[in-house]
>>> print(open('coords03.csv').read())   # CSV, C-alpha atoms
chain,number,residue,atom,x,y,z
A,1,MET,CA,0.0,0.0,0.0
A,2,TYR,CA,2.8,2.4,0.9
A,3,LYS,CA,4.6,1.8,-2.4
A,4,VAL,CA,1.3,2.5,-4.3
A,5,ILE,CA,0.8,5.8,-2.5
A,6,LYS,CA,4.4,6.8,-3.0
A,7,LYS,CA,4.2,6.1,-6.7
A,8,LYS,CA,1.0,8.2,-7.0
A,9,LEU,CA,2.6,11.1,-5.1
A,10,LYS,CA,5.6,11.1,-7.4
A,11,ILE,CA,3.3,11.3,-10.5
A,12,ILE,CA,1.3,14.2,-8.9
A,13,TYR,CA,4.6,16.0,-8.1
A,14,LYS,CA,5.9,15.5,-11.6
A,15,LYS,CA,2.7,16.8,-13.2
A,16,ASN,CA,2.7,19.9,-10.9
A,17,ILE,CA,6.4,20.6,-11.9
A,18,GLU,CA,5.5,20.3,-15.6
A,19,PHE,CA,2.5,22.6,-15.2
A,20,PHE,CA,4.6,25.2,-13.5
A,21,PHE,CA,7.2,25.2,-16.3
A,22,PHE,CA,4.4,25.3,-18.9
A,23,LEU,CA,3.5,28.7,-17.5
A,24,LEU,CA,7.2,29.8,-17.7
A,25,TYR,CA,8.0,28.3,-21.1
A,26,PRO,CA,5.2,27.4,-23.5
A,27,LYS,CA,5.4,23.9,-25.0
A,28,PRO,CA,7.3,23.8,-28.3
A,29,ASN,CA,5.5,23.1,-31.6
A,30,ILE,CA,6.2,21.0,-34.6
A,31,LYS,CA,7.4,23.2,-37.4
A,32,ASN,CA,4.8,23.7,-40.1
A,33,ASN,CA,5.3,24.5,-43.8
A,34,LYS,CA,5.5,28.2,-43.0
A,35,LYS,CA,9.1,29.6,-43.1
A,36,ASP,CA,10.7,30.1,-39.7
A,37,TRP,CA,12.9,33.2,-40.2
A,38,SER,CA,14.7,32.6,-36.8
A,39,GLU,CA,16.4,29.5,-38.2
A,40,LYS,CA,18.8,29.1,-41.1
A,41,ILE,CA,19.9,25.7,-42.5
A,42,PHE,CA,23.1,25.3,-44.5
A,43,ASP,CA,23.9,22.3,-46.7
A,44,ILE,CA,27.3,20.8,-46.0
A,45,LYS,CA,29.1,18.2,-48.1
A,46,ILE,CA,32.1,16.2,-46.9
A,47,GLU,CA,33.2,13.7,-49.4
A,48,LYS,CA,30.0,12.0,-50.5
A,49,ASN,CA,28.2,12.7,-47.3
A,50,LEU,CA,25.5,15.4,-47.0
A,51,TYR,CA,25.0,17.2,-43.7
A,52,SER,CA,23.1,20.1,-42.4
A,53,LEU,CA,24.4,23.0,-40.2
A,54,PHE,CA,21.6,24.7,-38.3
A,55,GLU,CA,21.7,28.3,-37.1
A,56,LEU,CA,19.1,29.5,-34.6
A,57,THR,CA,18.8,33.1,-33.6
A,58,LYS,CA,17.7,33.6,-30.0
A,59,GLY,CA,16.9,29.9,-29.9
A,60,ARG,CA,17.2,27.5,-27.0
A,61,ILE,CA,18.2,23.9,-26.2
A,62,PHE,CA,16.6,21.5,-23.8
A,63,THR,CA,18.1,18.1,-23.1
A,64,ASP,CA,17.5,15.3,-20.6
A,65,GLY,CA,21.1,14.3,-21.0
A,66,ASN,CA,20.2,11.0,-22.5
A,67,ASP,CA,17.6,10.2,-25.2
A,68,THR,CA,16.1,13.7,-25.8
A,69,THR,CA,17.6,16.9,-27.1
A,70,ALA,CA,15.3,19.6,-28.5
A,71,TYR,CA,16.6,22.6,-30.5
A,72,ILE,CA,13.8,25.2,-30.2
A,73,SER,CA,13.7,28.3,-32.4
A,74,LYS,CA,12.7,31.8,-31.3
A,75,ASN,CA,9.3,31.1,-32.7
A,76,ASN,CA,9.0,28.1,-30.5
A,77,ASN,CA,9.3,25.5,-33.2
A,78,ILE,CA,11.3,22.3,-32.9
A,79,SER,CA,14.3,22.2,-35.3
A,80,LYS,CA,15.2,19.2,-37.4
A,81,ALA,CA,18.5,19.3,-35.5
A,82,SER,CA,16.7,17.8,-32.5
A,83,LEU,CA,17.5,14.3,-31.2
A,84,GLN,CA,14.9,11.8,-30.0
A,85,TYR,CA,16.2,8.3,-29.4
A,86,LYS,CA,14.2,5.3,-28.5
A,87,LYS,CA,15.7,2.1,-27.1
A,88,PHE,CA,14.8,-1.1,-29.0
A,89,ASP,CA,16.9,-3.4,-26.6
A,90,PHE,CA,18.8,-3.1,-23.4
A,91,ILE,CA,21.7,-1.1,-25.0
A,92,ASN,CA,20.8,0.2,-28.5
A,93,SER,CA,18.6,3.0,-29.6
A,94,LYS,CA,17.2,4.3,-32.8
A,95,MET,CA,16.5,7.8,-34.0
A,96,GLU,CA,12.9,8.8,-34.4
A,97,LYS,CA,10.9,11.6,-36.0
A,98,ASN,CA,10.7,15.1,-34.4
A,99,SER,CA,7.0,14.4,-33.6
A,100,LYS,CA,8.3,11.8,-31.0
A,101,ASN,CA,10.4,14.4,-29.1
A,102,GLU,CA,9.5,14.3,-25.4
A,103,VAL,CA,9.3,18.1,-25.1
A,104,LEU,CA,6.1,18.1,-27.2
A,105,LYS,CA,4.4,16.3,-24.2
A,106,ARG,CA,6.4,17.4,-21.2
A,107,GLY,CA,7.6,20.8,-22.2
A,108,THR,CA,11.0,22.0,-20.9
A,109,PRO,CA,10.8,21.5,-17.1
A,110,LYS,CA,14.1,23.1,-16.2
A,111,PHE,CA,15.1,26.7,-15.5
A,112,LYS,CA,16.7,28.4,-18.5
A,113,LYS,CA,20.3,29.6,-18.5
A,114,LYS,CA,21.0,32.5,-20.8
A,115,ILE,CA,24.2,32.6,-22.7
A,116,HIS,CA,25.6,35.7,-24.4
A,117,GLY,CA,27.2,35.2,-27.8
A,118,ASN,CA,27.5,32.3,-30.3
A,119,LEU,CA,27.2,28.7,-29.1
A,120,LEU,CA,28.1,25.5,-30.9
A,121,SER,CA,26.2,22.5,-29.6
A,122,LEU,CA,28.1,19.2,-29.7
A,123,ILE,CA,25.3,17.2,-27.9
A,124,SER,CA,25.1,13.6,-29.2
A,125,GLY,CA,23.0,11.4,-27.0
A,126,GLY,CA,23.6,9.8,-23.6
A,127,ALA,CA,26.4,7.5,-24.6
A,128,SER,CA,28.8,10.4,-25.5
A,129,ARG,CA,28.7,11.5,-21.8
A,130,ASN,CA,31.0,8.8,-20.6
A,131,ASN,CA,32.0,6.6,-23.6
A,132,PHE,CA,35.4,7.3,-25.1
A,133,THR,CA,34.5,6.0,-28.5
A,134,HIS,CA,31.2,7.9,-28.8
A,135,TRP,CA,32.9,11.1,-27.7
A,136,PHE,CA,35.4,10.9,-30.6
A,137,THR,CA,33.0,9.6,-33.3
A,138,ASP,CA,29.8,11.4,-32.4
A,139,VAL,CA,31.0,14.7,-30.7
A,140,ILE,CA,34.3,15.9,-32.0
A,141,PRO,CA,33.5,15.4,-35.8
A,142,ARG,CA,30.7,17.9,-35.4
A,143,ILE,CA,33.3,20.6,-35.1
A,144,LYS,CA,34.6,19.6,-38.6
A,145,ILE,CA,31.0,20.0,-40.0
A,146,TYR,CA,30.7,23.4,-38.5
A,147,GLN,CA,34.2,24.4,-39.9
A,148,GLN,CA,33.1,23.7,-43.4
A,149,LYS,CA,31.0,26.9,-43.2
A,150,PHE,CA,32.5,29.1,-40.4
A,151,ASN,CA,35.7,29.7,-38.5
A,152,ILE,CA,35.6,28.1,-35.1
A,153,LYS,CA,36.9,31.4,-33.6
A,154,LYS,CA,33.4,32.7,-34.2
A,155,ILE,CA,32.1,30.5,-31.3
A,156,ASP,CA,32.1,31.9,-27.8
A,157,LYS,CA,30.8,28.8,-26.0
A,158,PHE,CA,30.7,25.1,-26.6
A,159,TYR,CA,27.8,23.0,-25.3
A,160,VAL,CA,29.0,19.4,-24.7
A,161,PRO,CA,27.5,16.2,-23.1
A,162,SER,CA,30.0,16.3,-20.3
A,163,ILE,CA,33.4,17.4,-19.1
A,164,LYS,CA,33.9,15.2,-16.1
A,165,PHE,CA,36.6,13.0,-17.8
A,166,LYS,CA,40.1,14.2,-18.5
A,167,PHE,CA,40.0,12.9,-22.1
A,168,GLN,CA,37.0,15.2,-22.8
A,169,ARG,CA,38.7,18.3,-21.6
A,170,GLU,CA,42.0,17.4,-23.2
A,171,SER,CA,40.5,16.7,-26.6
A,172,LEU,CA,38.8,20.1,-26.7
A,173,SER,CA,42.0,21.9,-25.7
A,174,TYR,CA,43.6,20.9,-29.0
A,175,PHE,CA,41.1,23.3,-30.7
A,176,GLY,CA,42.2,26.1,-28.3
A,177,ILE,CA,38.9,25.6,-26.3
A,178,ASN,CA,39.5,26.2,-22.6
A,179,LYS,CA,37.3,25.2,-19.7
A,180,ASN,CA,35.8,28.7,-19.3
A,181,ASN,CA,34.3,28.4,-22.8
A,182,ILE,CA,32.7,25.0,-22.2
A,183,ILE,CA,29.1,24.4,-20.9
A,184,SER,CA,28.2,20.9,-19.7
A,185,SER,CA,24.7,19.6,-20.3
A,186,GLU,CA,25.1,17.8,-17.0
A,187,LYS,CA,25.1,21.1,-15.3
A,188,TYR,CA,22.7,23.1,-17.5
A,189,LYS,CA,20.0,21.2,-19.3
A,190,HIS,CA,18.0,24.2,-20.6
A,191,ILE,CA,19.9,27.1,-22.3
A,192,GLU,CA,19.3,30.0,-24.6
A,193,ALA,CA,21.9,31.9,-26.6
A,194,ASP,CA,22.1,34.8,-29.1
A,195,LYS,CA,23.0,32.3,-31.8
A,196,ILE,CA,23.0,28.5,-31.5
A,197,PHE,CA,24.7,26.3,-34.1
A,198,ALA,CA,24.1,22.5,-34.4
A,199,THR,CA,24.8,19.8,-36.9
A,200,THR,CA,23.4,16.6,-38.1
A,201,HIS,CA,25.0,13.4,-36.7
A,202,PRO,CA,28.5,12.7,-38.2
A,203,CYS,CA,27.7,9.0,-38.9
A,204,PHE,CA,23.9,9.5,-39.2
A,205,HIS,CA,23.1,7.7,-35.9
A,206,ARG,CA,24.9,4.5,-37.0
A,207,PRO,CA,27.9,4.2,-34.6
A,208,THR,CA,29.3,1.2,-36.3
A,209,GLU,CA,29.6,3.1,-39.6
A,210,VAL,CA,32.0,5.8,-38.8
A,211,LYS,CA,32.9,7.8,-41.9
A,212,LYS,CA,36.3,7.8,-43.4
A,213,TRP,CA,36.5,11.7,-43.3
A,214,SER,CA,35.9,11.5,-39.6
A,215,ILE,CA,38.7,9.1,-39.0
A,216,ASN,CA,41.1,11.2,-41.1
A,217,TYR,CA,40.0,14.4,-39.2
A,218,LEU,CA,40.8,12.8,-35.8
A,219,ASN,CA,44.2,11.7,-37.1
A,220,LYS,CA,44.9,15.1,-38.4
A,221,ILE,CA,44.0,16.9,-35.1
A,222,TYR,CA,45.5,14.5,-32.6
A,223,LYS,CA,48.1,12.4,-34.3
A,224,CYS,CA,50.8,15.1,-34.8
A,225,ASN,CA,50.5,16.0,-31.1
A,226,VAL,CA,50.9,12.5,-29.7
A,227,ILE,CA,53.3,12.0,-26.8
A,228,LEU,CA,55.2,8.8,-27.3
A,229,LYS,CA,54.1,6.4,-24.6
A,230,LYS,CA,54.3,2.6,-24.1
A,231,TYR,CA,51.1,0.5,-23.8
A,232,GLU,CA,51.5,-3.0,-22.4
A,233,LYS,CA,47.9,-4.0,-22.9
A,234,VAL,CA,45.1,-3.2,-25.2
A,235,PHE,CA,41.5,-4.1,-24.2
A,236,ILE,CA,38.9,-4.7,-26.9
A,237,ILE,CA,35.1,-4.8,-26.2
A,238,ARG,CA,33.5,-8.1,-27.2
A,239,ASP,CA,31.1,-6.6,-29.8
A,240,GLN,CA,34.0,-4.9,-31.5
A,241,PHE,CA,36.2,-8.0,-31.6
A,242,LYS,CA,33.3,-10.0,-33.2
A,243,GLN,CA,33.3,-7.7,-36.2
A,244,ILE,CA,36.8,-8.2,-37.4
A,245,ASP,CA,38.9,-11.1,-38.8
A,246,LYS,CA,40.8,-12.3,-35.8
A,247,LYS,CA,43.7,-13.9,-37.6
A,248,ASN,CA,44.4,-10.9,-39.8
A,249,PHE,CA,43.9,-8.6,-36.9
A,250,ILE,CA,46.5,-10.4,-34.8
A,251,ASN,CA,48.9,-10.4,-37.7
A,252,TYR,CA,48.4,-6.7,-38.0
A,253,LEU,CA,49.2,-6.2,-34.3
A,254,TYR,CA,52.4,-8.1,-34.8
A,255,LYS,CA,53.3,-5.8,-37.7
A,256,ILE,CA,52.8,-2.6,-35.8
A,257,GLY,CA,55.0,-3.6,-32.9
A,258,TYR,CA,53.3,-5.9,-30.4
A,259,SER,CA,55.2,-8.9,-29.3
A,260,ARG,CA,54.0,-12.5,-29.6
A,261,ASN,CA,53.9,-13.4,-25.9
A,262,PHE,CA,50.2,-13.5,-25.6
A,263,LYS,CA,47.4,-16.1,-25.7
A,264,ILE,CA,43.8,-16.0,-26.8
A,265,SER,CA,41.5,-18.5,-25.1
A,266,LYS,CA,39.1,-20.0,-27.6
A,267,THR,CA,36.3,-19.8,-25.0
A,268,ARG,CA,37.1,-16.2,-24.0
A,269,TYR,CA,38.3,-14.5,-27.1
A,270,ALA,CA,34.8,-13.1,-27.7
A,271,LYS,CA,34.7,-11.4,-24.3
A,272,ILE,CA,37.8,-9.3,-23.7
A,273,LEU,CA,41.3,-9.7,-24.9
A,274,THR,CA,42.9,-9.5,-21.4
A,275,LYS,CA,46.4,-10.7,-22.0
A,276,ALA,CA,47.1,-8.5,-24.9
A,277,PHE,CA,50.0,-7.0,-26.7
A,278,GLN,CA,53.2,-5.1,-25.7
A,279,ARG,CA,53.1,-1.9,-27.7
A,280,ARG,CA,56.3,0.1,-28.3
A,281,PHE,CA,54.8,3.4,-29.0
A,282,ARG,CA,51.4,5.1,-29.2
A,283,GLN,CA,52.4,6.8,-32.4
A,284,GLU,CA,50.3,5.6,-35.4
A,285,LEU,CA,47.5,4.5,-33.1
A,286,ILE,CA,45.8,7.7,-32.2
A,287,ASN,CA,42.5,6.6,-33.6
A,288,GLY,CA,43.0,2.9,-33.1
A,289,ILE,CA,41.6,-0.1,-31.3
A,290,ILE,CA,38.1,0.7,-30.0
A,291,ASP,CA,37.6,0.4,-26.3
A,292,LYS,CA,35.4,2.0,-23.7
A,293,GLU,CA,38.6,3.5,-22.1
A,294,CYS,CA,40.8,3.9,-25.2
A,295,LEU,CA,40.1,4.9,-28.8
A,296,LEU,CA,43.0,3.5,-30.8
A,297,ILE,CA,42.0,2.7,-34.4
A,298,SER,CA,44.9,3.5,-36.8
A,299,GLN,CA,44.2,4.6,-40.3
A,300,ASN,CA,45.6,1.4,-41.7
A,301,LEU,CA,43.4,-0.7,-39.4
A,302,THR,CA,40.4,1.2,-40.7
A,303,LYS,CA,41.3,0.5,-44.3
A,304,LYS,CA,41.8,-3.2,-43.6
A,305,PHE,CA,38.8,-4.0,-41.5
A,306,ASN,CA,36.0,-1.6,-42.6
>>> encode(input="coords03.csv", output="structure tokens")
Amino acid sequence: MYKVIKKKLKIIYKKNIEFFFFLLYPKPNIKNNKKDWSEKIFDIKIEKNLYSLFELTKGRIFTDGNDTTAYISKNNNISKASLQYKKFDFINSKMEKNSKNEVLKRGTPKFKKKIHGNLLSLISGGASRNNFTHWFTDVIPRIKIYQQKFNIKKIDKFYVPSIKFKFQRESLSYFGINKNNIISSEKYKHIEADKIFATTHPCFHRPTEVKKWSINYLNKIYKCNVILKKYEKVFIIRDQFKQIDKKNFINYLYKIGYSRNFKISKTRYAKILTKAFQRRFRQELINGIIDKECLLISQNLTKKFN
């Protein structure tokens, strides 16, 4: 009985909160056929891939930090830049239409933070908050899409999924972005700026189909600044290891400098390669073997196994 009452009280509390914020910030609308002059959309082409760069004047962003991010124009319309993911199993999600965005039902139930100047949003779903791979394949390449049209120096603030990990802060520092210019969505979930820039997803919401230009871009930005460092072990997530030819992969690791003093159990090879390879130098591996903690896919590896 207690649990039932507690559950009902939570629902009532949630509804009251939503009603309060409806009064502050009207619920966004689905954009109709009428032109919204507060939003501009630029077509961007990188190699054979077509992207969009969105510019919202006096727009706002609302995110739940996970499956929903709404880009809302000054005229209170939801932009096509918005994200609305729906899980279809325990781990994976699929992108849905704007009409499925949660803000259309719940509104934007957080106080709004006003930002002066131009803001580039790099928000890319919940996985990019703490997953090394998603950070470098979903977040960082958005900067490249923006740079196809404008100079990054035009941006005053960068809106990112998180900055709690060192690799996140360090990766942004290569662009001259310091901590004072970064806004974390974990701290502010509802923001407004003079101008907001956003892009379509670099690999079109297919994380296993990272684009070649994206790999090359990461190599260009980070590889030349690598500090030589020894790695004794490389860990590979089971799902990633399933996707490659094991024999060719191991031969490749021999070739790039790992010694042969390791064993792969036939029963455990599909889990994690725990006794891995002694690596001489990090050089040549800046975008290499995919792991939750370490993104190390080299350009050669990409060519071989994609």
>>> closest_residue(input="coords03.csv", among="A:Val103, A:Ser93, A:Gly65, A:Ile163", to="Pro26 of chain A", atoms="only C-alpha atoms")
A:Val103
>>> closest_residue(input="coords03.csv", among="A:Ile72, A:Ile5, A:Leu56, A:Ile11", to="Asn29 of chain A", atoms="all atoms listed in the file")
A:Ile72
>>> residues_around(input="coords03.csv", residues="Ser121 of chain A", least_positions_apart="5", cutoff="7 Å", atoms="all atoms listed in the file", output="NGL selection string")
:A and (158-160 or 197-198)
>>> closest_residue(input="coords03.csv", among="A:Asn98, A:Asn16, A:Asn32, A:Ser38", to="Ser73 of chain A", atoms="all atoms listed in the file")
A:Ser38
>>> closest_residue(input="coords03.csv", among="A:Lys45, A:Lys189, A:Lys10, A:Lys157", to="Arg60 of chain A", atoms="all atoms listed in the file")
A:Lys189
>>> residues_around(input="coords03.csv", residues="Glu18 of chain A", least_positions_apart="6", cutoff="7 Å", atoms="all atoms listed in the file", output="number ranges by chain")
A: 106-107, 109
>>> closest_atom_pairs(input="coords03.csv", of="segment 105-197 of chain A", to="segment 79-86 of chain A", cutoff="10 Å", atoms="only C-alpha atoms", output="CSV")
residue,atom,partner,partner_atom,distance
A:Ile123,CA,A:Leu83,CA,9.0
A:Ser124,CA,A:Leu83,CA,7.9
A:Gly125,CA,A:Leu83,CA,7.5
A:Gly126,CA,A:Tyr85,CA,9.5
A:Phe197,CA,A:Ala81,CA,9.5
>>> closest_residue(input="coords03.csv", among="A:Lys144, A:Lys153, A:Lys27, A:Lys187", to="Thr108 of chain A", atoms="all atoms listed in the file")
A:Lys27
>>> atom_distance(input="coords03.csv", atom1="atom CA of Lys110 of chain A", atom2="atom CA of Phe62 of chain A")
8.2 Å
>>> build_atoms(input="coords03.csv", residues="segment 82-93 of chain A", atoms="all heavy atoms", output="PDB file, keeping the file's coordinate frame")
ATOM      1  N   SER A  82      17.055  18.416 -33.766  1.00  0.00           N
ATOM      2  CA  SER A  82      16.700  17.800 -32.500  1.00  0.00           C
ATOM      3  C   SER A  82      16.967  16.256 -32.538  1.00  0.00           C
ATOM      4  O   SER A  82      16.975  15.621 -33.594  1.00  0.00           O
ATOM      5  CB  SER A  82      15.241  18.017 -32.168  1.00  0.00           C
ATOM      6  OG  SER A  82      14.987  19.395 -32.027  1.00  0.00           O
ATOM      7  N   LEU A  83      17.193  15.704 -31.348  1.00  0.00           N
ATOM      8  CA  LEU A  83      17.500  14.300 -31.200  1.00  0.00           C
ATOM      9  C   LEU A  83      16.369  13.642 -30.346  1.00  0.00           C
ATOM     10  O   LEU A  83      16.010  14.171 -29.287  1.00  0.00           O
ATOM     11  CB  LEU A  83      18.813  14.063 -30.506  1.00  0.00           C
ATOM     12  CG  LEU A  83      20.032  14.721 -31.156  1.00  0.00           C
ATOM     13  CD1 LEU A  83      21.257  14.559 -30.266  1.00  0.00           C
ATOM     14  CD2 LEU A  83      20.306  14.136 -32.534  1.00  0.00           C
ATOM     15  N   GLN A  84      15.871  12.512 -30.800  1.00  0.00           N
ATOM     16  CA  GLN A  84      14.900  11.800 -30.000  1.00  0.00           C
ATOM     17  C   GLN A  84      15.136  10.273 -30.266  1.00  0.00           C
ATOM     18  O   GLN A  84      14.760   9.726 -31.287  1.00  0.00           O
ATOM     19  CB  GLN A  84      13.445  12.142 -30.384  1.00  0.00           C
ATOM     20  CG  GLN A  84      13.144  12.370 -31.859  1.00  0.00           C
ATOM     21  CD  GLN A  84      13.573  13.719 -32.376  1.00  0.00           C
ATOM     22  OE1 GLN A  84      13.495  14.709 -31.669  1.00  0.00           O
ATOM     23  NE2 GLN A  84      14.039  13.760 -33.617  1.00  0.00           N
ATOM     24  N   TYR A  85      15.848   9.686 -29.330  1.00  0.00           N
ATOM     25  CA  TYR A  85      16.200   8.300 -29.400  1.00  0.00           C
ATOM     26  C   TYR A  85      15.228   7.413 -28.649  1.00  0.00           C
ATOM     27  O   TYR A  85      14.718   7.821 -27.615  1.00  0.00           O
ATOM     28  CB  TYR A  85      17.621   8.036 -28.894  1.00  0.00           C
ATOM     29  CG  TYR A  85      18.719   8.668 -29.708  1.00  0.00           C
ATOM     30  CD1 TYR A  85      19.452   9.746 -29.219  1.00  0.00           C
ATOM     31  CD2 TYR A  85      19.037   8.180 -30.972  1.00  0.00           C
ATOM     32  CE1 TYR A  85      20.459  10.319 -29.958  1.00  0.00           C
ATOM     33  CE2 TYR A  85      20.055   8.750 -31.723  1.00  0.00           C
ATOM     34  CZ  TYR A  85      20.762   9.821 -31.212  1.00  0.00           C
ATOM     35  OH  TYR A  85      21.757  10.385 -31.953  1.00  0.00           O
ATOM     36  N   LYS A  86      15.007   6.215 -29.161  1.00  0.00           N
ATOM     37  CA  LYS A  86      14.200   5.300 -28.500  1.00  0.00           C
ATOM     38  C   LYS A  86      14.893   3.910 -28.418  1.00  0.00           C
ATOM     39  O   LYS A  86      15.310   3.389 -29.450  1.00  0.00           O
ATOM     40  CB  LYS A  86      12.817   5.091 -29.150  1.00  0.00           C
ATOM     41  CG  LYS A  86      11.881   4.143 -28.404  1.00  0.00           C
ATOM     42  CD  LYS A  86      10.542   4.030 -29.107  1.00  0.00           C
ATOM     43  CE  LYS A  86       9.611   3.077 -28.343  1.00  0.00           C
ATOM     44  NZ  LYS A  86       8.303   2.939 -29.019  1.00  0.00           N
ATOM     45  N   LYS A  87      15.044   3.353 -27.219  1.00  0.00           N
ATOM     46  CA  LYS A  87      15.700   2.100 -27.100  1.00  0.00           C
ATOM     47  C   LYS A  87      14.886   0.942 -27.659  1.00  0.00           C
ATOM     48  O   LYS A  87      13.686   0.866 -27.421  1.00  0.00           O
ATOM     49  CB  LYS A  87      16.034   1.793 -25.609  1.00  0.00           C
ATOM     50  CG  LYS A  87      17.235   2.579 -25.086  1.00  0.00           C
ATOM     51  CD  LYS A  87      17.599   2.156 -23.682  1.00  0.00           C
ATOM     52  CE  LYS A  87      18.932   2.753 -23.270  1.00  0.00           C
ATOM     53  NZ  LYS A  87      19.018   4.185 -23.377  1.00  0.00           N
ATOM     54  N   PHE A  88      15.543   0.060 -28.436  1.00  0.00           N
ATOM     55  CA  PHE A  88      14.800  -1.100 -29.000  1.00  0.00           C
ATOM     56  C   PHE A  88      15.391  -2.393 -28.349  1.00  0.00           C
ATOM     57  O   PHE A  88      14.913  -3.486 -28.634  1.00  0.00           O
ATOM     58  CB  PHE A  88      14.899  -1.164 -30.498  1.00  0.00           C
ATOM     59  CG  PHE A  88      16.278  -1.199 -31.084  1.00  0.00           C
ATOM     60  CD1 PHE A  88      16.970  -2.382 -31.215  1.00  0.00           C
ATOM     61  CD2 PHE A  88      16.881  -0.021 -31.524  1.00  0.00           C
ATOM     62  CE1 PHE A  88      18.236  -2.417 -31.777  1.00  0.00           C
ATOM     63  CE2 PHE A  88      18.151  -0.038 -32.091  1.00  0.00           C
ATOM     64  CZ  PHE A  88      18.831  -1.239 -32.210  1.00  0.00           C
ATOM     65  N   ASP A  89      16.424  -2.267 -27.487  1.00  0.00           N
ATOM     66  CA  ASP A  89      16.900  -3.400 -26.600  1.00  0.00           C
ATOM     67  C   ASP A  89      17.532  -2.759 -25.419  1.00  0.00           C
ATOM     68  O   ASP A  89      17.395  -1.558 -25.176  1.00  0.00           O
ATOM     69  CB  ASP A  89      17.777  -4.355 -27.386  1.00  0.00           C
ATOM     70  CG  ASP A  89      19.048  -3.697 -27.931  1.00  0.00           C
ATOM     71  OD1 ASP A  89      19.493  -2.687 -27.349  1.00  0.00           O
ATOM     72  OD2 ASP A  89      19.593  -4.196 -28.925  1.00  0.00           O
ATOM     73  N   PHE A  90      18.237  -3.549 -24.666  1.00  0.00           N
ATOM     74  CA  PHE A  90      18.800  -3.100 -23.400  1.00  0.00           C
ATOM     75  C   PHE A  90      19.869  -1.980 -23.634  1.00  0.00           C
ATOM     76  O   PHE A  90      20.062  -1.101 -22.802  1.00  0.00           O
ATOM     77  CB  PHE A  90      19.434  -4.238 -22.645  1.00  0.00           C
ATOM     78  CG  PHE A  90      19.986  -3.848 -21.296  1.00  0.00           C
ATOM     79  CD1 PHE A  90      19.125  -3.505 -20.260  1.00  0.00           C
ATOM     80  CD2 PHE A  90      21.353  -3.817 -21.075  1.00  0.00           C
ATOM     81  CE1 PHE A  90      19.633  -3.138 -19.022  1.00  0.00           C
ATOM     82  CE2 PHE A  90      21.860  -3.459 -19.847  1.00  0.00           C
ATOM     83  CZ  PHE A  90      20.992  -3.121 -18.807  1.00  0.00           C
ATOM     84  N   ILE A  91      20.559  -2.030 -24.785  1.00  0.00           N
ATOM     85  CA  ILE A  91      21.700  -1.100 -25.000  1.00  0.00           C
ATOM     86  C   ILE A  91      21.385  -0.126 -26.159  1.00  0.00           C
ATOM     87  O   ILE A  91      21.619   1.069 -26.025  1.00  0.00           O
ATOM     88  CB  ILE A  91      22.949  -1.914 -25.381  1.00  0.00           C
ATOM     89  CG1 ILE A  91      23.345  -2.810 -24.205  1.00  0.00           C
ATOM     90  CG2 ILE A  91      24.105  -0.972 -25.736  1.00  0.00           C
ATOM     91  CD1 ILE A  91      24.489  -3.739 -24.503  1.00  0.00           C
ATOM     92  N   ASN A  92      20.903  -0.612 -27.276  1.00  0.00           N
ATOM     93  CA  ASN A  92      20.800   0.200 -28.500  1.00  0.00           C
ATOM     94  C   ASN A  92      19.560   1.010 -28.628  1.00  0.00           C
ATOM     95  O   ASN A  92      18.504   0.633 -28.121  1.00  0.00           O
ATOM     96  CB  ASN A  92      20.952  -0.765 -29.712  1.00  0.00           C
ATOM     97  CG  ASN A  92      22.255  -1.528 -29.711  1.00  0.00           C
ATOM     98  OD1 ASN A  92      23.331  -0.939 -29.804  1.00  0.00           O
ATOM     99  ND2 ASN A  92      22.178  -2.839 -29.593  1.00  0.00           N
ATOM    100  N   SER A  93      19.722   2.129 -29.338  1.00  0.00           N
ATOM    101  CA  SER A  93      18.600   3.000 -29.600  1.00  0.00           C
ATOM    102  C   SER A  93      18.506   3.356 -31.064  1.00  0.00           C
ATOM    103  O   SER A  93      19.482   3.227 -31.803  1.00  0.00           O
ATOM    104  CB  SER A  93      18.785   4.337 -28.791  1.00  0.00           C
ATOM    105  OG  SER A  93      18.903   4.085 -27.421  1.00  0.00           O
TER     106      SER A  93
END
